[in-house]
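Structure file entry_20.cif with mmCIF, C-alpha atoms:
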```cif
data_run
loop_
_atom_site.label_atom_id
_atom_site.label_comp_id
_atom_site.auth_asym_id
_atom_site.auth_seq_id
_atom_site.Cartn_x
_atom_site.Cartn_y
_atom_site.Cartn_z
CA MET Y 1 67.83 96.42 71.01
CA LEU Y 2 65.13 96.01 73.62
CA LEU Y 3 62.46 98.62 74.39
CA VAL Y 4 60.14 98.09 77.38
CA ASP Y 5 57.41 100.57 78.28
CA GLY Y 6 56.10 100.44 81.86
CA PHE Y 7 59.29 98.68 82.94
CA ILE Y 8 59.13 99.28 86.71
CA LYS Y 9 55.91 97.90 88.17
CA ASN Y 10 56.54 98.93 91.80
CA GLN Y 11 54.65 102.21 92.27
CA LYS Y 12 56.54 103.03 95.49
CA LEU Y 13 59.87 102.85 93.61
CA LEU Y 14 58.46 104.91 90.72
CA ASN Y 15 57.35 107.63 93.14
CA GLU Y 16 60.76 107.58 94.87
CA LEU Y 17 62.60 107.93 91.54
CA LYS Y 18 60.71 111.17 90.87
CA LYS Y 19 61.81 112.92 94.07
CA ASP Y 20 63.92 115.99 93.36
CA HIS Y 21 66.68 115.24 95.89
CA HIS Y 22 67.78 112.19 93.88
CA TRP Y 23 68.20 114.28 90.72
CA LEU Y 24 69.75 117.37 92.31
CA ASN Y 25 72.57 115.46 94.00
CA THR Y 26 73.64 113.11 91.22
CA PRO Y 27 77.35 113.59 90.43
CA ALA Y 28 78.38 113.97 86.78
CA TYR Y 29 80.14 110.58 86.85
CA ASN Y 30 79.43 107.49 88.92
CA TRP Y 31 80.80 103.96 89.07
CA TRP Y 32 79.31 100.92 90.82
CA ASP Y 33 80.97 97.49 90.98
CA GLY Y 34 77.59 95.74 90.77
CA TRP Y 35 75.32 93.88 93.20
CA TRP Y 36 77.55 90.78 93.01
CA SER Y 37 80.34 92.81 94.71
CA VAL Y 38 78.60 95.49 96.80
CA LYS Y 39 75.00 96.31 97.75
CA PRO Y 40 73.33 99.30 96.03
CA ARG Y 41 74.23 102.59 97.74
CA ASN Y 42 71.47 104.74 96.25
CA ILE Y 43 68.28 104.73 94.18
CA TRP Y 44 70.24 104.67 90.91
CA GLU Y 45 72.16 101.52 91.80
CA THR Y 46 68.95 99.86 93.00
CA THR Y 47 67.40 100.65 89.62
CA ILE Y 48 70.45 99.32 87.76
CA GLU Y 49 70.18 96.06 89.70
CA ILE Y 50 66.48 95.75 88.86
CA ILE Y 51 67.25 96.33 85.18
CA TRP Y 52 70.26 94.05 84.78
CA LYS Y 53 69.76 91.23 87.29
CA ASN Y 54 67.54 89.34 84.84
CA PHE Y 55 69.65 90.06 81.74
CA LEU Y 56 73.21 89.23 82.79
CA PRO Y 57 74.06 85.54 82.41
CA PRO Y 58 75.56 83.57 85.32
CA GLY Y 59 79.35 83.75 85.24
CA HIS Y 60 79.35 87.04 83.29
CA LYS Y 61 82.60 89.00 83.11
CA PHE Y 62 81.17 92.51 83.58
CA CYS Y 63 83.12 94.55 86.12
CA GLY Y 64 80.46 97.13 86.96
CA PHE Y 65 78.42 100.07 85.75
CA GLU Y 66 79.09 103.68 84.75
CA TYR Y 67 76.00 105.77 85.29
CA TRP Y 68 74.79 109.36 85.34
CA ALA Y 69 71.67 111.46 85.07
CA THR Y 70 71.52 113.73 82.03
CA LYS Y 71 71.05 117.40 82.76
CA LEU Y 72 70.05 120.17 80.39
CA THR Y 73 72.56 122.79 79.26
CA ASP Y 74 71.92 126.48 80.00
CA ASN Y 75 70.05 126.82 76.70
CA GLY Y 76 67.76 123.88 77.51
CA GLU Y 77 69.47 121.24 75.37
CA VAL Y 78 71.17 117.94 76.04
CA LYS Y 79 74.51 117.65 74.28
CA TRP Y 80 75.19 114.61 72.09
CA HIS Y 81 76.80 111.98 74.31
CA HIS Y 82 79.11 109.26 73.00
CA ASP Y 83 78.77 106.23 75.25
CA LYS Y 84 82.31 105.12 76.02
CA ASP Y 85 84.63 104.00 78.78
CA GLU Y 86 85.20 107.42 80.38
CA LYS Y 87 88.17 106.22 82.45
CA LEU Y 88 90.06 104.92 79.39
CA VAL Y 89 89.44 108.20 77.57
CA ARG Y 90 90.86 110.17 80.52
CA THR Y 91 93.82 107.93 81.35
CA GLU Y 92 94.87 106.47 77.98
CA LYS Y 93 93.10 108.69 75.42
CA LYS Y 94 91.56 105.45 74.12
CA LEU Y 95 87.99 105.24 72.77
CA VAL Y 96 86.24 102.01 73.74
CA THR Y 97 82.47 101.76 73.35
CA PRO Y 98 80.43 99.44 75.58
CA ILE Y 99 79.22 96.02 74.55
CA ILE Y 100 75.80 96.85 75.97
CA GLY Y 101 74.12 99.80 77.65
CA HIS Y 102 70.76 101.18 78.68
CA ILE Y 103 68.79 104.33 79.20
CA TYR Y 104 65.86 104.54 81.57
CA TYR Y 105 63.40 107.43 81.50
CA ALA Y 106 62.13 107.80 85.07
CA GLU Y 107 60.08 110.96 84.56
CA ILE Y 108 59.21 113.22 81.65
CA VAL Y 109 58.38 116.87 82.44
CA ASP Y 110 57.73 119.68 79.91
CA LEU Y 111 59.62 117.91 77.15
CA GLU Y 112 60.11 119.17 73.62
CA GLY Y 113 62.04 116.82 71.36
CA GLY Y 114 64.51 114.90 73.46
CA PHE Y 115 64.77 111.85 71.23
CA LEU Y 116 67.41 109.27 72.06
CA GLU Y 117 69.54 108.90 68.94
CA ILE Y 118 71.79 105.90 68.61
CA ALA Y 119 74.48 105.94 65.94
CA PRO Y 120 76.19 102.74 64.79
CA ASP Y 121 79.89 102.16 65.52
CA GLN Y 122 80.81 102.67 61.86
CA ASN Y 123 80.35 106.40 62.53
CA ILE Y 124 83.60 106.41 64.51
CA ARG Y 125 86.46 107.62 62.34
CA LYS Y 126 90.10 107.06 63.31
CA GLY Y 127 89.15 106.33 66.93
CA LYS Y 128 87.05 109.49 67.27
CA PRO Y 129 83.27 109.86 67.10
CA LEU Y 130 81.75 112.37 64.72
CA ASP Y 131 80.74 115.76 66.12
CA THR Y 132 77.40 115.86 64.31
CA TYR Y 133 75.11 113.27 62.81
CA THR Y 134 72.54 113.41 60.02
CA ILE Y 135 70.00 110.98 58.64
CA ASN Y 136 72.76 109.67 56.36
CA HIS Y 137 74.57 108.28 59.41
CA HIS Y 138 71.71 105.81 60.00
CA THR Y 139 70.93 106.86 63.55
CA GLU Y 140 68.02 105.21 65.31
CA ARG Y 141 65.61 107.56 67.14
CA TYR Y 142 63.51 106.75 70.20
CA MET Y 143 61.00 109.04 71.86
CA PRO Y 144 61.38 109.50 75.62
CA VAL Y 145 58.41 108.00 77.45
CA GLU Y 146 58.07 107.92 81.23
CA ASN Y 147 59.08 104.56 82.75
CA ARG Y 148 60.60 103.40 79.44
CA LEU Y 149 63.71 101.21 79.38
CA ILE Y 150 65.88 100.94 76.28
CA ILE Y 151 68.72 98.42 76.21
CA PHE Y 152 71.15 98.81 73.33
#
```
How would this structure read if it were set down as structure tokens?
Amino acid sequence: MLLVDGFIKNQKLLNELKKDHHWLNTPAYNWWDGWWSVKPRNIWETTIEIIWKNFLPPGHKFCGFEYWATKLTDNGEVKWHHDKDEKLVRTEKKLVTPIIGHIYYAEIVDLEGGFLEIAPDQNIRKGKPLDTYTINHHTERYMPVENRLIIF
């Protein structure tokens, strides 16, 4: 686990990340093959490259990045998300969790709650994640802070 506050130092990029048009037009699911295969096509892929370029070892075997921007439900909540290979779930009904992942908080506006909760893999039963989690499931909680990066 790595937590970095004030991750992006470039103020121009920080200001660009906060522009509404980037958030309003983000599809629910995105895939990028990575900077080693194709140049970034948008602000999100540029940010992914900034985050991971210094962490991935030379000769790594990663094939790319799934990414999305979380949106609130109609009642103002964010549903619990189980980080997994979305394509394998759709095509083979197989649950595979990532080796590594990240969340980056670009901007925080009028937030109540909103903690990132990370549950350990042992909370997956018979290939399916639990629907709800309690303190007994040993979840880790992290407060959203603007320009905070969490790698898990």
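For the set Y:Trp23, Y:Tyr142, Y:Tyr104, Y:Trp68, the residue with the smallest atom-to-atom gap to Y:Trp52 is Y:Tyr104, counting all atoms listed in the file.
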Q.
as a ChimeraX atom specification, please: the residues near stretch 27-41 of chain Y (cut-off 6 Å, all atoms listed in the file, same-chain neighbours under 2 positions excluded).
A. /Y:45-46,64-68
Q.
One decimal, in Å: what's the spacing between atom CA of Y:Ile150 and atom CA of Y:Asn75?
A.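 Interatomic distance, atom CA of Y:Ile150 to atom CA of Y:Asn75: 26.2 Å.
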Q: Could you expand the PyMOL selection byres ((chain Y and resi 3) around 8) into the explicit residues it covers here, written as a VMD selection string?
A: chain Y and resid 1 to 2 4 to 5 148 to 151
Q. Between Y:Val109, Y:Leu17, Y:Phe152, Y:Glu140, which has the minimum distance to Y:Asp83 (counting only C-alpha atoms)?
A. Y:Phe152
Q: Find, counting only C-alpha atoms, the residue in Y:Asp20, Y:Gly114, Y:Met143, Y:Cys63 that gets nearest to Y:Val78.
A: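 Under the stated criterion, the closest residue is Y:Gly114.
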Where is the centre and how long are the edges: axis-aligned box on stretch 10-21 of chain Y, 4 Å on each side, Å to one decimal, as AutoDock Vina command-line options:
```
--center_x 60.7 --center_y 107.5 --center_z 93.3 --size_x 20.0 --size_y 25.1 --size_z 13.2
```
Q: Spell out the residues picked by the PyMOL selection byres ((chain Y and resi 115) around 12) here, as a PyMOL selection string.
A: chain Y and resi 77-80+103+105+108+111-114+116-118+139-145
Q) Can you tell me how far atom CA of Y:Leu24 sits from atom CA of Y:Arg90, in Å to one decimal? A)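 Separation of atom CA of Y:Leu24 and atom CA of Y:Arg90: 25.2 Å.
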Q. For the file shown, what are the residues hit by the PyMOL selection byres ((chain Y and resi 95) around 8), laid out as a count of residues only?
A. 10
Q. Any idea what the distance is between atom CA of Y:Lys18 and atom CA of Y:Phe62?
A.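 Separation of atom CA of Y:Lys18 and atom CA of Y:Phe62: 28.6 Å.
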(Q) Between Y:Glu86, Y:Glu92, Y:Glu146, Y:Glu16, which residue has the minimum interatomic distance to Y:Asp110, considering all atoms listed in the file? (A)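 So, comparing all the options, the nearest one is Y:Glu146.
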